[in-house]
$ cat start28.txt   # compact mmCIF, C-alpha atoms
# COMPACT_ATOMS: atom_id res chain seq x y z
CA MET F 2 96.54 63.34 95.16
CA GLU F 3 97.98 65.54 97.91
CA THR F 4 100.08 67.40 95.32
CA ASP F 5 96.99 68.07 93.21
CA THR F 6 95.17 69.41 96.28
CA VAL F 7 98.05 71.75 97.08
CA ARG F 8 98.15 72.98 93.48
CA THR F 9 94.40 73.54 93.45
CA ARG F 10 94.56 75.43 96.71
CA ALA F 11 97.43 77.59 95.42
CA ALA F 12 95.51 78.30 92.21
CA ASP F 13 92.43 79.28 94.21
CA GLU F 14 94.49 81.59 96.43
CA THR F 15 96.08 83.23 93.38
CA ALA F 16 92.69 83.75 91.76
CA ALA F 17 91.31 85.24 94.98
CA LEU F 18 94.30 87.58 95.24
CA ARG F 19 93.88 88.74 91.64
CA ARG F 20 90.20 89.43 92.28
CA GLU F 21 91.12 91.42 95.35
CA GLN F 22 93.72 93.40 93.41
CA ARG F 23 91.15 94.31 90.76
CA GLY F 24 88.78 95.47 93.50
CA TRP F 25 91.60 97.51 95.05
CA TYR F 26 92.15 99.37 91.77
CA PHE F 27 88.56 100.55 91.85
CA TYR F 28 88.94 102.68 94.96
CA ASP F 29 91.34 104.86 92.99
CA TRP F 30 88.70 104.86 90.22
CA ALA F 31 86.11 105.99 92.78
CA CYS F 32 87.87 108.76 94.70
CA SER F 33 90.24 110.21 92.10
CA VAL F 34 87.32 112.04 90.52
CA TYR F 35 87.23 114.19 93.66
CA SER F 36 90.90 115.07 93.25
CA THR F 37 90.54 116.00 89.59
CA SER F 38 87.08 117.50 89.14
CA VAL F 39 86.72 119.08 92.58
CA LEU F 40 90.13 119.91 94.02
CA THR F 41 92.06 120.51 90.82
CA VAL F 42 89.52 122.03 88.43
CA PHE F 43 86.35 123.51 89.85
CA LEU F 44 86.53 124.19 93.56
CA GLY F 45 89.60 126.45 93.66
CA PRO F 46 88.39 129.07 91.17
CA TYR F 47 84.74 128.71 92.22
CA LEU F 48 85.32 128.97 95.98
CA THR F 49 87.67 131.91 95.33
CA SER F 50 84.90 133.67 93.37
CA VAL F 51 82.41 132.98 96.17
CA ALA F 52 84.86 134.41 98.70
CA GLU F 53 85.44 137.46 96.52
CA ARG F 54 81.68 138.14 96.43
CA ALA F 55 81.63 138.01 100.23
CA ALA F 56 84.77 140.16 100.61
CA ASP F 57 84.84 143.69 101.98
CA SER F 58 86.01 146.71 100.02
CA GLY F 59 89.63 145.79 100.72
CA GLY F 60 89.25 142.29 99.25
CA TYR F 61 89.25 140.49 102.59
CA VAL F 62 86.85 137.98 104.15
CA HIS F 63 86.72 137.49 107.91
CA PRO F 64 86.18 133.84 108.94
CA LEU F 65 85.90 133.79 112.75
CA GLY F 66 86.96 137.44 112.71
CA VAL F 67 90.35 136.74 111.09
CA PRO F 68 91.14 138.94 108.04
CA VAL F 69 92.00 136.72 105.06
CA ARG F 70 92.55 137.88 101.50
CA ALA F 71 89.80 136.27 99.40
CA GLY F 72 92.37 134.89 96.94
CA SER F 73 94.10 132.99 99.77
CA PHE F 74 90.98 131.46 101.35
CA PHE F 75 91.04 128.27 99.26
CA ALA F 76 94.74 127.61 99.97
CA TYR F 77 94.24 128.18 103.68
CA SER F 78 91.25 125.81 103.69
CA VAL F 79 93.39 123.08 102.13
CA SER F 80 96.00 123.66 104.84
CA LEU F 81 93.37 123.44 107.59
CA SER F 82 92.09 120.17 106.17
CA VAL F 83 95.53 118.65 106.64
CA ILE F 84 95.65 119.68 110.27
CA VAL F 85 92.37 117.82 110.78
CA ALA F 86 93.72 114.83 108.85
CA VAL F 87 96.95 114.80 110.90
CA VAL F 88 94.85 114.32 114.03
CA LEU F 89 92.60 111.63 112.51
CA MET F 90 94.91 109.47 110.40
CA PRO F 91 97.24 108.07 113.08
CA LEU F 92 94.27 107.29 115.30
CA VAL F 93 92.38 105.51 112.52
CA GLY F 94 95.52 103.78 111.23
CA SER F 95 96.37 102.41 114.66
CA ALA F 96 92.79 101.18 115.11
CA ALA F 97 92.91 99.48 111.69
CA ASP F 98 96.14 97.63 112.49
CA ARG F 99 95.02 96.73 116.01
CA THR F 100 91.60 95.34 115.02
CA GLY F 101 92.33 94.23 111.45
CA ARG F 102 89.03 95.87 110.42
CA LYS F 103 90.18 98.23 107.71
CA LYS F 104 87.15 97.81 105.47
CA PRO F 105 84.50 99.37 107.79
CA LEU F 106 86.84 102.28 108.45
CA LEU F 107 87.44 102.70 104.72
CA ALA F 108 83.68 102.74 104.14
CA ALA F 109 83.16 105.38 106.84
CA ALA F 110 85.87 107.65 105.41
CA ALA F 111 84.72 107.23 101.83
CA TYR F 112 81.07 107.99 102.47
CA THR F 113 81.84 110.94 104.74
CA GLY F 114 83.94 112.45 101.95
CA ALA F 115 81.38 111.59 99.29
CA ALA F 116 78.57 113.18 101.32
CA ALA F 117 80.56 116.40 101.89
CA THR F 118 81.42 116.59 98.19
CA THR F 119 77.81 116.03 97.16
CA GLY F 120 76.82 118.80 99.58
CA MET F 121 78.89 121.27 97.53
CA PHE F 122 75.83 121.53 95.29
CA PHE F 123 74.51 124.00 97.88
CA LEU F 124 77.58 126.24 97.64
CA ASP F 125 76.23 129.41 96.01
CA GLY F 126 75.87 133.12 96.63
CA ASN F 127 78.43 134.25 99.19
CA ARG F 128 78.49 131.05 101.29
CA TYR F 129 82.28 130.85 101.34
CA LEU F 130 82.30 129.49 104.91
CA LEU F 131 80.09 126.56 103.86
CA GLY F 132 82.53 125.86 101.03
CA GLY F 133 85.47 125.98 103.40
CA VAL F 134 83.85 123.57 105.88
CA LEU F 135 82.84 121.10 103.15
CA LEU F 136 86.35 121.27 101.68
CA VAL F 137 87.96 120.55 105.05
CA VAL F 138 85.64 117.59 105.71
CA ALA F 139 86.01 116.11 102.22
CA ASN F 140 89.79 116.54 102.12
CA ALA F 141 90.31 115.06 105.57
CA ALA F 142 88.00 112.12 104.76
CA GLN F 143 89.79 111.47 101.47
CA SER F 144 93.12 111.53 103.25
CA VAL F 145 91.95 108.95 105.81
CA GLY F 146 90.41 106.80 103.08
CA MET F 147 93.55 106.88 100.94
CA MET F 148 95.68 105.96 103.95
CA LEU F 149 93.58 102.83 104.51
CA TYR F 150 93.50 102.04 100.78
CA ASN F 151 97.29 102.36 100.43
CA SER F 152 97.87 100.16 103.46
CA TYR F 153 96.32 97.22 101.60
CA LEU F 154 99.15 97.23 99.03
CA PRO F 155 101.71 95.21 101.03
CA GLN F 156 98.98 92.66 101.82
CA ILE F 157 97.62 92.10 98.30
CA ALA F 158 100.85 92.27 96.27
CA PRO F 159 104.12 90.34 96.60
CA PRO F 160 107.27 92.53 96.61
CA GLU F 161 108.17 91.92 92.97
CA GLU F 162 104.70 93.02 91.76
CA ARG F 163 104.15 96.17 93.83
CA ASP F 164 105.53 98.74 91.37
CA ALA F 165 103.28 97.37 88.62
CA ILE F 166 100.18 97.03 90.80
CA SER F 167 100.62 100.47 92.36
CA SER F 168 101.06 101.98 88.88
CA ARG F 169 97.89 100.26 87.64
CA GLY F 170 95.97 101.69 90.59
CA TRP F 171 97.08 105.22 89.73
CA ALA F 172 96.28 104.57 86.05
CA PHE F 173 92.73 103.53 87.02
CA GLY F 174 92.36 106.77 88.97
CA TYR F 175 93.54 108.97 86.13
CA ALA F 176 91.35 107.08 83.65
CA ALA F 177 88.33 107.81 85.86
CA GLY F 178 89.35 111.45 86.13
CA SER F 179 89.56 111.69 82.34
CA THR F 180 86.16 110.08 81.86
CA VAL F 181 84.35 112.41 84.23
CA LEU F 182 86.21 115.50 83.03
CA VAL F 183 84.95 114.86 79.49
CA ALA F 184 81.38 114.86 80.83
CA ASN F 185 82.16 117.97 82.91
CA LEU F 186 83.57 119.76 79.87
CA VAL F 187 80.42 119.03 77.86
CA LEU F 188 78.12 120.16 80.67
CA TYR F 189 80.10 123.30 81.51
CA SER F 190 80.75 124.40 77.93
CA ALA F 191 77.15 123.84 76.80
CA HIS F 192 75.41 124.73 80.07
CA GLY F 193 73.00 127.04 78.26
CA SER F 194 71.82 124.18 76.05
CA PHE F 195 70.88 122.26 79.19
CA GLY F 196 68.98 125.22 80.61
CA LEU F 197 71.61 125.84 83.29
CA SER F 198 73.55 128.86 84.39
CA GLN F 199 77.34 128.63 84.57
CA THR F 200 77.19 128.53 88.36
CA GLU F 201 74.60 125.75 88.35
CA ALA F 202 76.76 123.71 85.97
CA VAL F 203 79.76 124.03 88.31
CA ARG F 204 77.68 122.99 91.32
CA ILE F 205 76.37 119.93 89.46
CA CYS F 206 79.93 118.93 88.50
CA LEU F 207 81.00 119.21 92.14
CA ALA F 208 78.07 117.15 93.43
CA ALA F 209 78.44 114.53 90.69
CA ALA F 210 81.98 113.80 91.88
CA GLY F 211 80.60 112.95 95.31
CA LEU F 212 77.96 110.63 93.85
CA TRP F 213 80.61 108.89 91.69
CA TRP F 214 82.87 108.46 94.73
CA GLY F 215 80.11 106.84 96.76
CA ALA F 216 78.80 104.59 93.98
CA PHE F 217 82.13 103.03 92.89
CA THR F 218 83.38 102.57 96.45
CA LEU F 219 80.98 99.61 96.55
CA VAL F 220 83.36 97.63 94.31
CA PRO F 221 86.43 97.58 96.63
CA LEU F 222 84.19 97.11 99.66
CA SER F 223 82.82 93.93 98.07
CA ARG F 224 86.24 92.48 97.16
CA LEU F 225 88.84 93.55 99.72
CA ARG F 226 89.37 91.26 102.72
CA ASP F 227 90.23 92.20 106.28
CA ARG F 228 93.33 90.53 107.70
CA HIS F 229 93.94 90.26 111.42
CA THR F 230 97.55 90.71 112.53
CA ARG F 231 99.00 90.80 116.02
CA VAL F 232 100.40 94.24 116.82
CA GLU F 233 101.17 96.08 119.99
CA ARG F 234 98.03 97.65 121.44
CA THR F 235 97.98 101.42 121.91
CA THR F 236 95.28 103.82 122.95
CA ALA F 237 97.11 107.10 122.32
CA PRO F 238 94.72 109.54 120.65
CA GLY F 239 95.29 111.86 117.70
CA LEU F 240 98.58 113.72 117.74
CA ARG F 241 99.86 111.51 120.59
CA GLN F 242 99.35 108.51 118.31
CA LEU F 243 101.25 110.29 115.55
CA ALA F 244 104.09 110.90 118.02
CA ALA F 245 103.99 107.21 119.00
CA THR F 246 104.20 106.22 115.32
CA VAL F 247 107.15 108.54 114.75
CA ARG F 248 108.88 107.13 117.85
CA ASP F 249 108.41 103.65 116.44
CA MET F 250 109.85 104.84 113.13
CA ARG F 251 112.98 105.91 114.99
CA ARG F 252 113.72 102.20 115.27
CA HIS F 253 113.70 102.25 111.45
CA PRO F 254 115.61 105.49 110.70
CA LEU F 255 116.00 104.76 107.00
CA THR F 256 112.23 104.38 106.63
CA LEU F 257 111.85 107.71 108.40
CA SER F 258 114.45 109.26 106.08
CA PHE F 259 112.50 108.17 103.01
CA LEU F 260 109.26 109.44 104.50
CA LEU F 261 110.80 112.84 105.19
CA ALA F 262 111.99 113.11 101.58
CA TYR F 263 108.57 112.03 100.31
CA LEU F 264 106.67 114.47 102.53
CA ILE F 265 108.75 117.33 101.17
CA TYR F 266 108.72 116.62 97.42
CA ASN F 267 105.13 115.38 97.41
CA ASP F 268 104.11 118.54 99.26
CA GLY F 269 105.31 120.41 96.18
CA ILE F 270 103.54 118.03 93.78
CA GLN F 271 100.22 118.25 95.57
CA THR F 272 100.37 122.02 95.90
CA VAL F 273 100.92 122.36 92.16
CA ILE F 274 97.90 120.11 91.58
CA SER F 275 95.60 121.94 94.00
CA GLN F 276 96.64 125.48 93.01
CA ALA F 277 97.18 125.10 89.24
CA SER F 278 93.64 126.12 88.33
CA VAL F 279 93.82 129.19 90.56
CA TYR F 280 97.14 130.13 88.91
CA GLY F 281 95.68 129.58 85.44
CA SER F 282 92.50 131.56 86.05
CA GLN F 283 93.79 134.40 88.24
CA GLU F 284 97.33 134.99 86.92
CA LEU F 285 97.17 133.76 83.31
CA GLY F 286 93.60 134.89 82.63
CA LEU F 287 92.49 131.52 81.24
CA GLY F 288 88.83 130.52 81.09
CA GLN F 289 87.27 127.56 82.87
CA SER F 290 86.93 125.55 79.65
CA THR F 291 90.65 125.96 78.97
CA LEU F 292 91.46 124.77 82.48
CA ILE F 293 89.21 121.72 82.09
CA VAL F 294 90.90 120.77 78.81
CA ALA F 295 94.34 121.21 80.41
CA VAL F 296 93.47 119.01 83.37
CA LEU F 297 91.90 116.46 81.02
CA LEU F 298 95.19 116.41 79.11
CA VAL F 299 97.03 115.81 82.38
CA GLN F 300 94.73 112.92 83.24
CA VAL F 301 95.08 111.19 79.87
CA LEU F 302 98.87 111.49 79.80
CA ALA F 303 99.14 110.51 83.46
CA VAL F 304 97.70 107.07 82.62
CA ALA F 305 100.44 106.50 80.07
CA GLY F 306 103.04 108.14 82.31
CA ALA F 307 102.21 105.94 85.30
CA LEU F 308 102.46 102.74 83.27
CA ALA F 309 105.62 103.89 81.44
CA MET F 310 107.40 104.88 84.64
CA GLY F 311 106.41 101.54 86.16
CA ARG F 312 108.28 99.89 83.30
CA LEU F 313 111.26 102.21 83.72
CA ALA F 314 111.40 101.18 87.37
CA ARG F 315 111.83 97.54 86.33
CA THR F 316 114.99 98.57 84.45
CA TYR F 317 116.45 101.39 86.54
CA GLY F 318 114.78 100.84 89.92
CA ALA F 319 112.05 102.86 91.60
CA GLN F 320 114.40 105.23 93.43
CA ARG F 321 116.28 106.37 90.33
CA THR F 322 113.06 106.75 88.37
CA ILE F 323 111.54 108.94 91.08
CA LEU F 324 114.68 111.09 91.21
CA GLY F 325 114.41 111.64 87.46
CA SER F 326 110.79 112.70 87.84
CA LEU F 327 111.76 115.31 90.47
CA VAL F 328 114.18 116.91 88.00
CA ALA F 329 111.31 117.06 85.50
CA TRP F 330 109.02 118.66 88.11
CA THR F 331 111.60 121.37 88.84
CA LEU F 332 111.97 122.23 85.15
CA THR F 333 108.20 122.26 84.73
CA LEU F 334 107.70 124.76 87.56
CA ALA F 335 110.43 127.00 86.17
CA ALA F 336 108.70 126.97 82.79
CA GLY F 337 105.35 127.72 84.46
CA TYR F 338 106.73 130.89 86.01
CA PHE F 339 107.49 132.35 82.56
CA LEU F 340 104.21 131.36 80.88
CA PRO F 341 102.60 134.33 79.10
CA ALA F 342 99.09 135.32 80.06
CA LYS F 343 96.13 134.38 77.86
CA ALA F 344 98.16 131.77 75.93
CA PRO F 345 96.30 128.44 76.18
CA VAL F 346 98.72 126.56 73.89
CA PHE F 347 101.66 127.13 76.24
CA PHE F 348 99.52 126.13 79.21
CA PHE F 349 98.62 122.89 77.39
CA VAL F 350 102.32 122.15 76.78
CA LEU F 351 102.97 122.66 80.49
CA ALA F 352 100.03 120.38 81.35
CA SER F 353 101.50 117.68 79.10
CA GLY F 354 104.78 117.79 80.98
CA ILE F 355 102.99 117.51 84.32
CA GLY F 356 100.89 114.57 83.12
CA LEU F 357 103.85 112.52 81.97
CA VAL F 358 105.55 112.58 85.39
CA LEU F 359 102.60 112.96 87.75
CA GLY F 360 101.20 109.44 87.99
CA GLY F 361 104.53 107.66 87.91
CA SER F 362 106.19 109.73 90.63
CA GLN F 363 103.25 109.09 92.96
CA ALA F 364 102.75 105.42 92.12
CA LEU F 365 106.42 104.52 92.54
CA SER F 366 106.67 106.48 95.79
CA ARG F 367 103.76 104.46 97.18
CA SER F 368 105.18 101.10 96.12
CA LEU F 369 108.68 101.97 97.34
CA PHE F 370 107.37 103.01 100.75
CA SER F 371 105.38 99.76 101.02
CA HIS F 372 108.70 97.89 101.09
CA LEU F 373 109.87 99.99 104.04
CA VAL F 374 106.89 99.31 106.33
CA PRO F 375 107.38 96.73 109.12
CA PRO F 376 104.90 93.84 108.74
CA GLY F 377 101.70 94.33 110.75
CA LYS F 378 101.95 98.12 110.88
CA GLU F 379 100.80 98.97 107.38
CA ALA F 380 97.91 101.32 108.21
CA GLU F 381 99.79 103.03 111.04
CA TYR F 382 102.79 103.80 108.84
CA PHE F 383 100.69 104.74 105.84
CA SER F 384 98.86 107.26 108.04
CA ALA F 385 102.13 109.18 108.27
CA TYR F 386 102.76 108.66 104.54
CA GLU F 387 99.32 109.90 103.57
CA MET F 388 99.69 113.25 105.35
CA SER F 389 101.24 114.76 102.24
CA ASP F 390 99.37 112.79 99.60
CA ARG F 391 96.69 113.78 97.04
CA GLY F 392 96.62 117.52 97.67
CA MET F 393 96.54 117.04 101.46
CA SER F 394 99.89 118.70 102.17
CA TRP F 395 99.70 121.77 104.37
CA LEU F 396 103.05 123.55 104.10
CA GLY F 397 102.91 123.96 100.32
CA PRO F 398 99.44 125.57 100.19
CA LEU F 399 100.36 127.67 103.22
CA LEU F 400 103.55 128.90 101.52
CA PHE F 401 101.60 129.50 98.31
CA GLY F 402 98.91 131.48 100.17
CA VAL F 403 101.34 133.50 102.28
CA THR F 404 103.53 134.32 99.27
CA TYR F 405 100.50 135.58 97.38
CA GLN F 406 99.26 137.53 100.39
CA MET F 407 102.66 139.23 100.74
CA THR F 408 103.35 139.88 97.05
CA GLY F 409 99.95 139.87 95.37
CA SER F 410 101.56 137.77 92.60
CA TYR F 411 100.65 134.18 91.78
CA ARG F 412 103.87 133.88 89.76
CA SER F 413 105.91 134.44 92.92
CA ALA F 414 103.68 131.94 94.71
CA ILE F 415 104.19 129.21 92.08
CA ILE F 416 107.98 129.60 91.81
CA SER F 417 108.33 129.39 95.60
CA LEU F 418 107.42 125.71 95.32
CA VAL F 419 110.70 124.82 93.57
CA ALA F 420 112.31 124.48 97.00
CA PHE F 421 110.22 121.39 97.76
CA PHE F 422 111.57 119.48 94.73
CA VAL F 423 115.20 120.49 95.24
CA ILE F 424 115.22 119.56 98.93
CA GLY F 425 113.20 116.38 98.32
CA PHE F 426 115.65 115.25 95.62
CA ALA F 427 118.64 115.79 97.90
CA LEU F 428 117.07 113.84 100.76
CA LEU F 429 115.82 110.94 98.62
CA ALA F 430 119.18 110.50 96.91
CA ARG F 431 120.79 109.88 100.32
CA VAL F 432 118.47 106.97 101.30
CA PRO F 433 120.05 103.48 100.86
CA VAL F 434 116.77 101.78 99.99
CA ARG F 435 118.02 98.19 99.82
CA ARG F 436 119.38 98.40 103.36
CA ALA F 437 116.22 100.20 104.47
CA ILE F 438 114.02 97.36 103.18
CA ALA F 439 116.13 94.73 104.91
CA GLU F 440 116.14 96.65 108.21
CA ALA F 441 112.33 96.91 108.06
CA GLY F 442 112.18 93.10 108.02
CA ASN F 443 111.03 92.68 104.41
CA PRO F 444 112.51 90.72 101.48
CA VAL F 445 114.60 92.88 99.12
CA PRO F 446 113.44 92.75 95.48
CA GLU F 447 116.04 92.09 92.80
CA LYS F 448 115.47 95.57 91.31
CA ILE F 449 114.57 98.49 93.56
$ encode --input "start28.txt" --output "structure tokens"
Amino acid sequence: METDTVRTRAADETAALRREQRGWYFYDWACSVYSTSVLTVFLGPYLTSVAERAADSGGYVHPLGVPVRAGSFFAYSVSLSVIVAVVLMPLVGSAADRTGRKKPLLAAAAYTGAAATTGMFFLDGNRYLLGGVLLVVANAAQSVGMMLYNSYLPQIAPPEERDAISSRGWAFGYAAGSTVLVANLVLYSAHGSFGLSQTEAVRICLAAAGLWWGAFTLVPLSRLRDRHTRVERTTAPGLRQLAATVRDMRRHPLTLSFLLAYLIYNDGIQTVISQASVYGSQELGLGQSTLIVAVLLVQVLAVAGALAMGRLARTYGAQRTILGSLVAWTLTLAAGYFLPAKAPVFFFVLASGIGLVLGGSQALSRSLFSHLVPPGKEAEYFSAYEMSDRGMSWLGPLLFGVTYQMTGSYRSAIISLVAFFVIGFALLARVPVRRAIAEAGNPVPEKI
């Protein structure tokens, strides 16, 4: 009888965990639409056009009296959003670990970002400053929300399942991005049939992403469970908390080594994602419909790529699979530099290459890092991890913007990003991940 009770209890716990995992997938489904429709497709070219309308005769806008080339305003806004996120994430992550109340913090971040994104409906005329403020708020909120979301992974998945579960989460996100982009493509391409101007169609697409984000966040909030763990209490605010987290990581130098490699190569990945539409529209002379189709192609192939690379990781290990993806990223950027203008077919081929490696490189990086986090400090450590995730990196957009400002060439700006993949590869290859997992106090999976 006692054995039956134990088996029943174990079955109930497994069922509850599976339900929680399915709920966890849905936050990627909710917020990834922001990354694809807003950050990757519409906001870059649209905010750039708004800034250009507000620019002086020399092509400069002057936020707070600072002269900024209109074509660099979007990239600089992305960089500023990361500075805000760097201050917020360690503070929120520490509070989440200390109190165990991740879910209310996740809700606050998600609905702040969703509200700012919905507010982009009012971005018209020459209101480039409004667009910059909403972008900073939405990006910072998404960064905080993703940090909290990622920190659930070690708690809802045993070590041997994390690569697969992380890959499924990314696949959910890219599936959502594909679904909404199809609707966006219909609305944008046939805006006249709906009685809308092109600008109105873009503003509706931006706002719809915010409404989607808010609506589907209800699913993970109803299924995820808070877990209280005993951790050392700290009250250090903002950047001081980040410094405290980094000092703690010094006790786990191999975890810190992986994080450094990730921050560098993912900085390159996220900059490509956030600036690709600007490159396509401004340098290659491609229309908005072409860019939407290209990003849709990325989203569809990223679903397959994430799942396929998850399977490759079971054979070759996550580290080797990620290293292979970084080689592919480097070759893709080199090909992008030589793309001819006004040639959509070549741009689609490039988008296909990005899609096949995009989801897997991110999903496996997340699952690999989850093995390197000391138990009880998930949110705090993932706050540092998240600083360079999902288009939130600051150095890449800054380098992209400065290179363009100095050269006036988006081709020079895009090829400058190769350095992130080369340096990231070299650093990641030097990390002994099995020893790093053991030194973090976690069980070492058979294949890693």
$ axis_aligned_box --input "start28.txt" --around "stretch 251-267 of chain F" --padding-each-side "3 Å" --output "lines of an AutoDock Vina configuration file"
center_x = 110.6
center_y = 109.8
center_z = 106.3
size_x = 16.9
size_y = 21.1
size_z = 23.9
$ closest_residue --input "start28.txt" --among "F:Pro433, F:Pro341, F:Gly269, F:Pro221" --to "F:Val419" --atoms "all atoms listed in the file"
F:Gly269
$ residues_around --input "start28.txt" --residues "F:Tyr129" --least-positions-apart "2" --cutoff "8 Å" --atoms "all atoms listed in the file" --output "count of residues only"
9
$ residues_near_point --input "start28.txt" --point "(94.7, 115.6, 79.0)" --cutoff "12 Å" --atoms "only C-alpha atoms" --output "MDAnalysis selection string"
chainID F and resid 37 175:176 178:180 182:183 186 291:306 348:357
$ closest_residue --input "start28.txt" --among "F:Thr322, F:Ser282, F:Ser371, F:Ser38" --to "F:Lys343" --atoms "only C-alpha atoms"
F:Ser282
$ atom_distance --input "start28.txt" --atom1 "atom CA of F:Ala427" --atom2 "atom CA of F:Ala336"
21.3 Å
$ residues_around --input "start28.txt" --residues "F:Pro160" --least-positions-apart "6" --cutoff "9 Å" --atoms "only C-alpha atoms" --output "PyMOL selection string"
chain F and resi 368+371-372+443-446
$ closest_residue --input "start28.txt" --among "F:Asn140, F:Gln406, F:Asn267, F:Ser258" --to "F:Ser36" --atoms "only C-alpha atoms"
F:Asn140
$ closest_residue --input "start28.txt" --among "F:Ala385, F:Met121, F:Ala439, F:Ala420" --to "F:Arg248" --atoms "all atoms listed in the file"
F:Ala385
$ atom_distance --input "start28.txt" --atom1 "atom CA of F:Tyr150" --atom2 "atom CA of F:Ser82"
19.0 Å
